[in-house]
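Colleague: Provided below: my_file_0.csv, containing CSV, C-alpha atoms and all ligand atoms.
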```
chain,number,residue,atom,x,y,z
A,1,MET,CA,16.0,5.3,5.3
A,2,THR,CA,16.5,1.8,6.5
A,3,ALA,CA,14.1,-1.1,6.2
A,4,ARG,CA,12.9,-2.2,9.6
A,5,LEU,CA,12.5,-5.9,9.1
A,6,ARG,CA,13.3,-9.0,11.0
A,7,LEU,CA,14.0,-11.5,8.2
A,8,GLN,CA,13.3,-15.1,9.1
A,9,PRO,CA,14.8,-17.9,6.9
A,10,GLU,CA,11.4,-18.5,5.2
A,11,ALA,CA,11.3,-14.8,4.3
A,12,VAL,CA,14.5,-15.0,2.3
A,13,GLY,CA,12.9,-17.6,0.0
A,14,LEU,CA,14.2,-20.1,-2.6
A,15,GLY,CA,13.6,-20.6,-6.3
A,16,MET,CA,10.8,-18.4,-7.6
A,17,THR,CA,11.0,-16.3,-4.4
A,18,SER,CA,14.8,-16.0,-4.4
A,19,GLN,CA,16.6,-12.6,-4.1
A,20,ARG,CA,17.6,-12.9,-7.8
A,21,VAL,CA,13.9,-13.2,-8.8
A,22,ARG,CA,13.0,-10.2,-6.5
A,23,ASP,CA,15.9,-8.2,-8.0
A,24,ARG,CA,14.4,-8.7,-11.5
A,25,LEU,CA,11.2,-7.1,-10.3
A,26,ILE,CA,13.2,-4.1,-9.0
A,27,GLU,CA,15.0,-3.8,-12.4
A,28,ARG,CA,11.7,-3.9,-14.2
A,29,LEU,CA,10.2,-1.2,-12.0
A,30,ARG,CA,13.3,1.0,-12.4
A,31,ALA,CA,13.3,0.6,-16.2
A,32,GLY,CA,9.6,1.1,-16.6
A,33,THR,CA,7.3,-0.1,-19.4
A,34,PRO,CA,4.8,1.9,-21.5
A,35,GLN,CA,2.0,0.9,-19.1
A,36,ALA,CA,4.0,1.3,-16.0
A,37,PRO,CA,6.4,4.2,-16.2
A,38,ALA,CA,9.7,4.0,-14.4
A,39,ILE,CA,9.9,4.3,-10.6
A,40,ALA,CA,12.8,6.5,-9.7
A,41,ASP,CA,12.8,6.8,-5.9
A,42,GLU,CA,15.5,4.5,-4.6
A,43,ARG,CA,14.0,4.4,-1.1
A,44,VAL,CA,10.8,3.0,-2.5
A,45,LEU,CA,12.6,0.5,-4.7
A,46,ASN,CA,14.7,-0.6,-1.7
A,47,ALA,CA,11.5,-1.2,0.4
A,48,ILE,CA,10.1,-3.3,-2.4
A,49,ARG,CA,13.3,-5.3,-2.6
A,50,THR,CA,13.3,-5.9,1.2
A,51,VAL,CA,9.7,-6.8,1.9
A,52,PRO,CA,9.0,-10.4,1.0
A,53,ARG,CA,5.8,-10.1,-1.1
A,54,HIS,CA,5.5,-13.9,-1.3
A,55,LEU,CA,4.6,-13.9,2.4
A,56,PHE,CA,1.6,-11.7,1.6
A,57,VAL,CA,-0.1,-14.1,-0.8
A,58,ASP,CA,-1.5,-17.6,-0.4
A,59,GLU,CA,1.2,-20.3,-0.9
A,60,ALA,CA,-0.4,-21.3,-4.1
A,61,PHE,CA,0.5,-17.9,-5.6
A,62,ALA,CA,4.0,-17.6,-4.0
A,63,THR,CA,5.8,-18.5,-7.2
A,64,ARG,CA,4.1,-15.5,-8.9
A,65,ALA,CA,4.7,-13.1,-6.1
A,66,TYR,CA,7.5,-11.2,-7.9
A,67,GLU,CA,5.6,-10.8,-11.2
A,68,ASP,CA,4.4,-7.2,-11.6
A,69,THR,CA,0.8,-8.2,-11.3
A,70,ALA,CA,-2.2,-8.1,-8.8
A,71,LEU,CA,-3.0,-11.5,-7.3
A,72,PRO,CA,-6.1,-12.8,-5.5
A,73,ILE,CA,-6.1,-12.7,-1.6
A,74,GLY,CA,-9.5,-14.2,-1.0
A,75,HIS,CA,-12.9,-12.6,-0.3
A,76,GLY,CA,-12.9,-11.2,-3.9
A,77,GLN,CA,-10.0,-8.9,-3.0
A,78,THR,CA,-6.5,-8.5,-4.5
A,79,ILE,CA,-3.0,-7.6,-3.4
A,80,SER,CA,-2.1,-4.6,-5.6
A,81,GLN,CA,0.4,-4.8,-8.5
A,82,PRO,CA,3.9,-3.9,-7.2
A,83,TRP,CA,4.1,-1.0,-9.7
A,84,VAL,CA,0.9,0.5,-8.3
A,85,VAL,CA,2.2,0.2,-4.7
A,86,ALA,CA,5.5,1.8,-5.8
A,87,ARG,CA,3.7,4.6,-7.7
A,88,MET,CA,1.4,5.4,-4.8
A,89,THR,CA,4.3,5.3,-2.3
A,90,GLU,CA,6.6,7.4,-4.4
A,91,THR,CA,3.8,10.0,-4.7
A,92,LEU,CA,3.9,10.6,-0.9
A,93,PHE,CA,7.6,11.7,-1.2
A,94,LEU,CA,7.3,14.0,-4.2
A,95,ASP,CA,8.6,17.6,-4.0
A,96,GLY,CA,10.8,16.7,-1.0
A,97,ALA,CA,7.8,15.8,1.2
A,98,GLN,CA,8.9,13.9,4.4
A,99,PRO,CA,5.7,12.4,5.8
A,100,SER,CA,5.9,10.6,9.1
A,101,LYS,CA,2.4,9.5,10.0
A,102,VAL,CA,0.4,7.8,7.3
A,103,LEU,CA,-3.1,6.3,7.1
A,104,GLU,CA,-3.9,3.5,4.7
A,105,ILE,CA,-7.5,2.6,3.8
A,106,GLY,CA,-7.9,-1.1,2.8
A,107,THR,CA,-5.3,-3.2,4.6
A,108,GLY,CA,-6.0,-6.2,2.4
A,109,SER,CA,-2.9,-8.5,2.5
A,110,GLY,CA,-1.0,-5.9,4.5
A,111,TYR,CA,1.6,-5.5,1.7
A,112,GLN,CA,1.2,-1.8,1.1
A,113,GLY,CA,1.2,-1.1,4.8
A,114,ALA,CA,4.4,-3.2,5.2
A,115,ILE,CA,6.1,-1.2,2.5
A,116,LEU,CA,5.2,2.1,4.2
A,117,ALA,CA,6.4,0.7,7.6
A,118,ALA,CA,9.7,-0.5,6.0
A,119,LEU,CA,10.2,3.1,4.9
A,120,GLY,CA,10.1,4.2,8.5
A,121,LEU,CA,6.7,5.7,8.5
A,122,GLN,CA,4.3,5.4,11.4
A,123,VAL,CA,1.5,3.4,9.8
A,124,TYR,CA,-2.3,3.3,10.6
A,125,THR,CA,-4.4,1.0,8.5
A,126,VAL,CA,-8.1,0.2,8.3
A,127,GLU,CA,-9.8,-2.9,6.8
A,128,ARG,CA,-13.5,-3.8,6.6
A,129,ILE,CA,-13.0,-7.6,6.2
A,130,GLY,CA,-12.0,-9.1,9.6
A,131,GLU,CA,-10.4,-12.2,8.3
A,132,LEU,CA,-8.1,-10.3,5.9
A,133,LEU,CA,-7.1,-8.0,8.8
A,134,ARG,CA,-6.3,-10.9,11.1
A,135,THR,CA,-4.0,-12.5,8.5
A,136,ALA,CA,-2.3,-9.2,7.8
A,137,ARG,CA,-1.7,-8.6,11.5
A,138,LYS,CA,0.1,-12.0,11.7
A,139,ARG,CA,2.3,-11.0,8.8
A,140,PHE,CA,3.2,-7.7,10.5
A,141,ARG,CA,4.1,-9.6,13.6
A,142,THR,CA,6.2,-12.2,11.8
A,143,LEU,CA,8.2,-9.4,10.1
A,144,GLY,CA,8.5,-7.4,13.2
A,145,LEU,CA,6.7,-4.4,11.7
A,146,ASN,CA,5.0,-2.0,13.9
A,147,VAL,CA,1.7,-1.2,12.1
A,148,ARG,CA,-1.5,0.0,13.9
A,149,SER,CA,-4.7,-1.4,12.5
A,150,LYS,CA,-8.4,-1.5,13.1
A,151,HIS,CA,-11.4,-3.3,11.8
A,152,ASP,CA,-13.7,-0.6,10.6
A,153,ASP,CA,-15.2,1.2,7.6
A,154,GLY,CA,-12.3,3.2,6.3
A,155,ARG,CA,-14.6,5.8,4.8
A,156,ILE,CA,-14.7,7.4,8.2
A,157,GLY,CA,-10.9,7.4,8.4
A,158,TRP,CA,-9.3,7.3,11.9
A,159,PRO,CA,-10.5,10.6,13.4
A,160,GLU,CA,-8.9,9.9,16.9
A,161,GLU,CA,-5.4,9.7,15.3
A,162,ALA,CA,-5.9,12.6,12.7
A,163,PRO,CA,-4.3,14.5,11.2
A,164,PHE,CA,-2.1,12.4,8.9
A,165,ASP,CA,0.9,13.6,6.8
A,166,ALA,CA,-0.2,11.2,4.1
A,167,ILE,CA,-3.3,9.1,3.3
A,168,VAL,CA,-3.3,6.2,0.9
A,169,VAL,CA,-6.6,4.8,-0.2
A,170,THR,CA,-6.3,1.4,-1.9
A,171,ALA,CA,-9.9,0.8,-3.0
A,172,ALA,CA,-11.8,2.9,-5.5
A,173,ALA,CA,-14.7,5.2,-4.6
A,174,PRO,CA,-17.0,7.1,-7.1
A,175,ALA,CA,-15.8,10.4,-5.6
A,176,LEU,CA,-13.2,11.6,-3.1
A,177,VAL,CA,-14.2,10.8,0.4
A,178,GLU,CA,-14.6,14.1,2.3
A,179,ALA,CA,-13.9,12.7,5.7
A,180,LEU,CA,-10.5,11.5,4.6
A,181,THR,CA,-9.5,14.8,3.0
A,182,ALA,CA,-10.5,16.5,6.2
A,183,GLN,CA,-8.0,14.2,8.1
A,184,LEU,CA,-5.0,15.3,6.0
A,185,ALA,CA,-2.5,17.6,7.7
A,186,PRO,CA,-1.5,20.9,6.1
A,187,GLY,CA,1.3,20.1,3.7
A,188,GLY,CA,0.0,16.5,3.4
A,189,THR,CA,-0.6,14.3,0.4
A,190,LEU,CA,-3.5,12.0,-0.3
A,191,VAL,CA,-3.5,9.4,-3.1
A,192,ALA,CA,-6.7,7.6,-4.1
A,193,PRO,CA,-8.2,5.8,-7.0
A,194,VAL,CA,-11.5,7.6,-8.0
A,195,GLY,CA,-14.1,6.7,-10.5
A,196,PRO,CA,-16.3,3.9,-11.8
A,197,ALA,CA,-14.9,0.4,-12.2
A,198,SER,CA,-14.3,0.9,-15.9
A,199,ALA,CA,-12.6,4.3,-15.7
A,200,GLN,CA,-10.7,4.9,-12.5
A,201,SER,CA,-8.0,7.6,-12.1
A,202,LEU,CA,-5.3,7.8,-9.5
A,203,LEU,CA,-5.7,11.2,-7.9
A,204,ARG,CA,-3.2,13.1,-5.9
A,205,LEU,CA,-4.4,15.8,-3.5
A,206,ARG,CA,-2.1,18.2,-1.7
A,207,LYS,CA,-3.2,20.4,1.1
A,208,ASP,CA,-1.1,23.5,1.5
A,209,ALA,CA,-0.1,25.2,4.7
A,210,ALA,CA,-3.3,27.3,4.5
A,211,GLY,CA,-5.5,24.2,4.1
A,212,VAL,CA,-6.2,24.8,0.4
A,213,VAL,CA,-6.4,21.6,-1.6
A,214,ALA,CA,-4.9,21.1,-5.1
A,215,ARG,CA,-5.5,17.9,-7.1
A,216,ASP,CA,-3.9,16.2,-10.1
A,217,ASP,CA,-4.6,13.1,-12.1
A,218,LEU,CA,-1.7,10.6,-12.1
A,219,GLY,CA,-3.4,8.4,-14.8
A,220,PRO,CA,-5.6,5.3,-15.1
A,221,VAL,CA,-5.6,2.5,-12.6
A,222,VAL,CA,-7.8,-0.5,-11.6
A,223,PHE,CA,-8.7,-1.1,-8.0
A,224,VAL,CA,-11.4,-3.1,-6.2
A,225,PRO,CA,-14.3,-0.9,-4.9
A,226,LEU,CA,-14.4,0.9,-1.6
A,227,LEU,CA,-17.5,-0.7,0.1
A,228,SER,CA,-19.6,0.1,3.1
A,229,GLY,CA,-20.3,-2.1,6.1
A,230,LEU,CA,-18.1,-4.6,8.0
A,231,VAL,CA,-17.6,-8.3,7.3
A,232,ASP,CA,-16.2,-10.8,9.9
B,1,LIG,N1,-3.5,-2.4,0.3
B,1,LIG,C1,-3.9,-3.7,0.0
B,1,LIG,C2,-4.8,-3.8,-1.2
B,1,LIG,C3,-6.0,-4.5,-0.9
B,1,LIG,S1,-7.4,-4.4,-2.0
B,1,LIG,C4,-2.7,-4.6,-0.2
B,1,LIG,O1,-1.6,-4.1,-0.2
B,1,LIG,O2,-2.9,-5.8,-0.2
B,1,LIG,C5,-8.4,-3.2,-1.2
B,1,LIG,C6,-8.8,-3.6,0.2
B,1,LIG,O3,-9.7,-2.5,0.6
B,1,LIG,C7,-9.6,-4.9,0.3
B,1,LIG,O4,-9.0,-5.7,1.3
B,1,LIG,C8,-11.0,-4.4,0.8
B,1,LIG,O5,-11.7,-5.3,1.7
B,1,LIG,C9,-10.7,-3.1,1.5
B,1,LIG,N2,-11.8,-2.2,1.6
B,1,LIG,C10,-12.8,-1.9,0.7
B,1,LIG,N3,-13.7,-1.0,1.2
B,1,LIG,C11,-13.2,-0.7,2.4
B,1,LIG,C12,-13.7,0.2,3.4
B,1,LIG,N4,-14.8,1.0,3.3
B,1,LIG,N5,-12.9,0.3,4.6
B,1,LIG,C13,-11.8,-0.4,4.8
B,1,LIG,N6,-11.3,-1.3,3.8
B,1,LIG,C14,-12.0,-1.4,2.7
```
Could you express the structure from this file as structure tokens?
Modeller:
Amino acid sequence: MTARLRLQPEAVGLGMTSQRVRDRLIERLRAGTPQAPAIADERVLNAIRTVPRHLFVDEAFATRAYEDTALPIGHGQTISQPWVVARMTETLFLDGAQPSKVLEIGTGSGYQGAILAALGLQVYTVERIGELLRTARKRFRTLGLNVRSKHDDGRIGWPEEAPFDAIVVTAAAPALVEALTAQLAPGGTLVAPVGPASAQSLLRLRKDAAGVVARDDLGPVVFVPLLSGLVD
């Protein structure tokens, strides 16, 4: 799969955003750590190598963009840690799955959506905070990424566009959101952090051809909460 990106000079970066610094992040993800087990899917690693994460954070944080850490994006929200993005993305391709249409809940900075688009997926993303969504849309445009987005409460999903081969929820709810599971296509995979702030687990749900759902726990994670209502 090829990355679909139009790279501008500022996207290539210098110093702490140079290709060499980015490659170090890829090596770290590939090698793994006790807290962040190795990422093996080369397509996912390649997407992370290609998408300029420093363009998804405020300039003040650009020099930290290739550390494996979450960073603030304003409005009390964060861009996820690269390892978490890699893990969630890799999960969608497990067992030979070949998703084409994916729904993301919680656009935030737009980084996870950009990674999915760089993998050639048709991406639909929903964000409740208008200002974050507007900034993310500018980034998609700058990078020439075709991502469809809407300002809405993601807990209702995107019923007009359902079903989706994959659904990625990037904010944590106390329990799985029924409306989202319902919008998953047979054979599809949903990944979502579930549980209270202090004890979230990343859950993977798979719906078989007959519509029967199986779930497994991929381990502890920390996400901002999935909230109701819209903010301008
Ligand atoms: N995927 C993002 C991570 C952002 S953090 C990235 O790559 O940067 C989670 C995001 O979910 C926040 O922007 C938050 O505003 C959003 N969010 C929380 N509850 C939501 C809801 N009910 N509907 C849509 N977005 C929501």
Colleague: Using all atoms listed in the file, which residues of the polymer chains come no farther than 8 Å from ligand LIG 1 (chain B)? I'd like the answer as a ChimeraX atom specification.
Modeller: /A:56,73,75,77-80,85,104-113,126-129,132,151-155,169-172,223-230
Colleague: Work out how far apart CA of Leu5 in chain A and CA of Thr189 in chain A are and give it in Å to one decimal.
Modeller: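 For CA of Leu5 in chain A relative to CA of Thr189 in chain A, the distance reads 25.6 Å.
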Colleague: Suppose you want the space between CA of Asp216 in chain A and CA of Val123 in chain A; what is it in Å?
Modeller: 24.3 Å
Colleague: Go ahead and compute the interatomic distance for CA of Leu55 in chain A and CA of Trp83 in chain A, in Å to one decimal.
Modeller: 17.7 Å
Colleague: Sort by chain and increasing residue number a table of all residues of range 42-155 of chain A within 12 Å of range 196-206 of chain A, each with its closest pair of atoms and their distance in Å to one decimal, counting all atoms listed in the file, and write it as a Markdown table.
Modeller:
```
| residue | atom | partner | partner_atom | distance |
| --- | --- | --- | --- | --- |
| A:Val84 | CA | A:Leu202 | CA | 9.7 |
| A:Val85 | CA | A:Leu202 | CA | 11.7 |
| A:Arg87 | CA | A:Leu202 | CA | 9.7 |
| A:Met88 | CA | A:Leu202 | CA | 8.5 |
| A:Thr89 | CA | A:Arg204 | CA | 11.4 |
| A:Glu90 | CA | A:Arg204 | CA | 11.4 |
| A:Thr91 | CA | A:Arg204 | CA | 7.7 |
| A:Leu92 | CA | A:Arg204 | CA | 9.0 |
| A:Phe93 | CA | A:Arg206 | CA | 11.7 |
| A:Leu94 | CA | A:Arg206 | CA | 10.6 |
| A:Asp95 | CA | A:Arg206 | CA | 11.0 |
| A:Ala97 | CA | A:Arg206 | CA | 10.6 |
```
Colleague: Set out as a Markdown table a contact list for range 131-160 of chain A and range 58-65 of chain A with a cut-off of 12 Å, giving each residue of range 131-160 of chain A that qualifies its closest atom pair and distance in Å to one decimal, counting all atoms listed in the file, ordered by chain and rising residue number.
Modeller:
```
| residue | atom | partner | partner_atom | distance |
| --- | --- | --- | --- | --- |
| A:Leu132 | CA | A:Asp58 | CA | 11.7 |
| A:Thr135 | CA | A:Asp58 | CA | 10.6 |
| A:Ala136 | CA | A:Asp58 | CA | 11.8 |
| A:Arg139 | CA | A:Asp58 | CA | 11.9 |
```
Colleague: Using all atoms listed in the file, determine which residues lie at most 7 Å from range 17-22 of chain A, disregarding the query and same-chain residues fewer than 6 positions distant; provide the list as a list in words.
Modeller: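 Answer for this query is Arg49, His54, Thr63 and Tyr66 of chain A.
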Colleague: Go through A:Val221, A:Leu121, A:Leu190, A:Ala166 one by one, measure the shortest atom-to-atom distance of each to Arg148 in chain A using all atoms listed in the file, and give the residue with the smallest value.
Modeller: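 Checking each candidate against Arg148 in chain A, we get A:Leu121 as the closest.
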Colleague: Point out the residue among A:Ile115, A:Val222, A:Leu133, A:Gln183 with the least atom-to-atom distance to Ala162 in chain A, counting all atoms listed in the file.
Modeller: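 Checking each candidate against Ala162 in chain A, we get A:Gln183 as the closest.
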Colleague: Using only C-alpha atoms for the distances, tell me which of A:Asp23, A:Glu42, A:Lys101, A:Ile156 is nearest to Glu67 in chain A.
Modeller: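 Ranked by minimum distance to Glu67 in chain A, first place goes to A:Asp23.
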Colleague: Just give me the residues with any atom within 9 Å of (-0.6, 16.4, 7.7), file coordinates, counting all atoms listed in the file, written as an mmCIF file with C-alpha atoms, in the frame of the given file.
Modeller:
```cif
data_model
loop_
_atom_site.group_PDB
_atom_site.id
_atom_site.type_symbol
_atom_site.label_atom_id
_atom_site.label_comp_id
_atom_site.auth_asym_id
_atom_site.auth_seq_id
_atom_site.Cartn_x
_atom_site.Cartn_y
_atom_site.Cartn_z
ATOM 1 C CA PRO A 99 5.700 12.400 5.800
ATOM 2 C CA SER A 100 5.900 10.600 9.100
ATOM 3 C CA LYS A 101 2.400 9.500 10.000
ATOM 4 C CA VAL A 102 0.400 7.800 7.300
ATOM 5 C CA ALA A 162 -5.900 12.600 12.700
ATOM 6 C CA PRO A 163 -4.300 14.500 11.200
ATOM 7 C CA PHE A 164 -2.100 12.400 8.900
ATOM 8 C CA ASP A 165 0.900 13.600 6.800
ATOM 9 C CA ALA A 166 -0.200 11.200 4.100
ATOM 10 C CA ILE A 167 -3.300 9.100 3.300
ATOM 11 C CA GLN A 183 -8.000 14.200 8.100
ATOM 12 C CA LEU A 184 -5.000 15.300 6.000
ATOM 13 C CA ALA A 185 -2.500 17.600 7.700
ATOM 14 C CA PRO A 186 -1.500 20.900 6.100
ATOM 15 C CA GLY A 187 1.300 20.100 3.700
ATOM 16 C CA GLY A 188 0.000 16.500 3.400
ATOM 17 C CA THR A 189 -0.600 14.300 0.400
ATOM 18 C CA LYS A 207 -3.200 20.400 1.100
#
```
Colleague: Would you mind telling me which residue in A:Ala86, A:Arg24, A:Ala117, A:Gly157 lies nearest to Pro37 in chain A when using only C-alpha atoms?
Modeller: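 The answer is A:Ala86, which sits nearest to Pro37 in chain A.
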Colleague: Could you pull range 120-132 of chain A out of the structure I just pasted and write it to a file containing N, CA and C atoms, as a PDB file, in the first residue's frame?
Modeller:
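Just written: decode.pdb:
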```pdb
ATOM      1  N   GLY A 120      -4.456   4.134   2.572  1.00  0.00           N
ATOM      2  CA  GLY A 120      -5.344   3.898   1.438  1.00  0.00           C
ATOM      3  C   GLY A 120      -6.778   3.623   1.832  1.00  0.00           C
ATOM      4  N   LEU A 121      -7.098   3.801   3.131  1.00  0.00           N
ATOM      5  CA  LEU A 121      -8.475   3.562   3.556  1.00  0.00           C
ATOM      6  C   LEU A 121      -9.340   4.779   3.250  1.00  0.00           C
ATOM      7  N   GLN A 122     -10.615   4.522   3.070  1.00  0.00           N
ATOM      8  CA  GLN A 122     -11.595   5.593   2.885  1.00  0.00           C
ATOM      9  C   GLN A 122     -12.034   5.998   4.294  1.00  0.00           C
ATOM     10  N   VAL A 123     -11.668   7.208   4.712  1.00  0.00           N
ATOM     11  CA  VAL A 123     -11.831   7.584   6.119  1.00  0.00           C
ATOM     12  C   VAL A 123     -13.004   8.542   6.343  1.00  0.00           C
ATOM     13  N   TYR A 124     -13.817   8.219   7.363  1.00  0.00           N
ATOM     14  CA  TYR A 124     -14.886   9.084   7.843  1.00  0.00           C
ATOM     15  C   TYR A 124     -14.555   9.371   9.291  1.00  0.00           C
ATOM     16  N   THR A 125     -14.544  10.652   9.693  1.00  0.00           N
ATOM     17  CA  THR A 125     -14.173  10.956  11.073  1.00  0.00           C
ATOM     18  C   THR A 125     -15.130  11.981  11.667  1.00  0.00           C
ATOM     19  N   VAL A 126     -15.418  11.829  12.970  1.00  0.00           N
ATOM     20  CA  VAL A 126     -16.406  12.668  13.651  1.00  0.00           C
ATOM     21  C   VAL A 126     -15.753  13.308  14.880  1.00  0.00           C
ATOM     22  N   GLU A 127     -15.973  14.619  15.049  1.00  0.00           N
ATOM     23  CA  GLU A 127     -15.411  15.335  16.203  1.00  0.00           C
ATOM     24  C   GLU A 127     -16.470  16.262  16.789  1.00  0.00           C
ATOM     25  N   ARG A 128     -16.527  16.332  18.137  1.00  0.00           N
ATOM     26  CA  ARG A 128     -17.538  17.186  18.791  1.00  0.00           C
ATOM     27  C   ARG A 128     -17.074  18.623  19.008  1.00  0.00           C
ATOM     28  N   ILE A 129     -15.756  18.895  18.943  1.00  0.00           N
ATOM     29  CA  ILE A 129     -15.241  20.254  19.164  1.00  0.00           C
ATOM     30  C   ILE A 129     -14.931  20.902  17.806  1.00  0.00           C
ATOM     31  N   GLY A 130     -15.772  21.910  17.450  1.00  0.00           N
ATOM     32  CA  GLY A 130     -15.689  22.511  16.120  1.00  0.00           C
ATOM     33  C   GLY A 130     -14.306  23.040  15.766  1.00  0.00           C
ATOM     34  N   GLU A 131     -13.670  23.714  16.726  1.00  0.00           N
ATOM     35  CA  GLU A 131     -12.380  24.326  16.412  1.00  0.00           C
ATOM     36  C   GLU A 131     -11.302  23.274  16.096  1.00  0.00           C
ATOM     37  N   LEU A 132     -11.312  22.178  16.831  1.00  0.00           N
ATOM     38  CA  LEU A 132     -10.351  21.105  16.540  1.00  0.00           C
ATOM     39  C   LEU A 132     -10.605  20.547  15.143  1.00  0.00           C
TER      40      LEU A 132
END
```
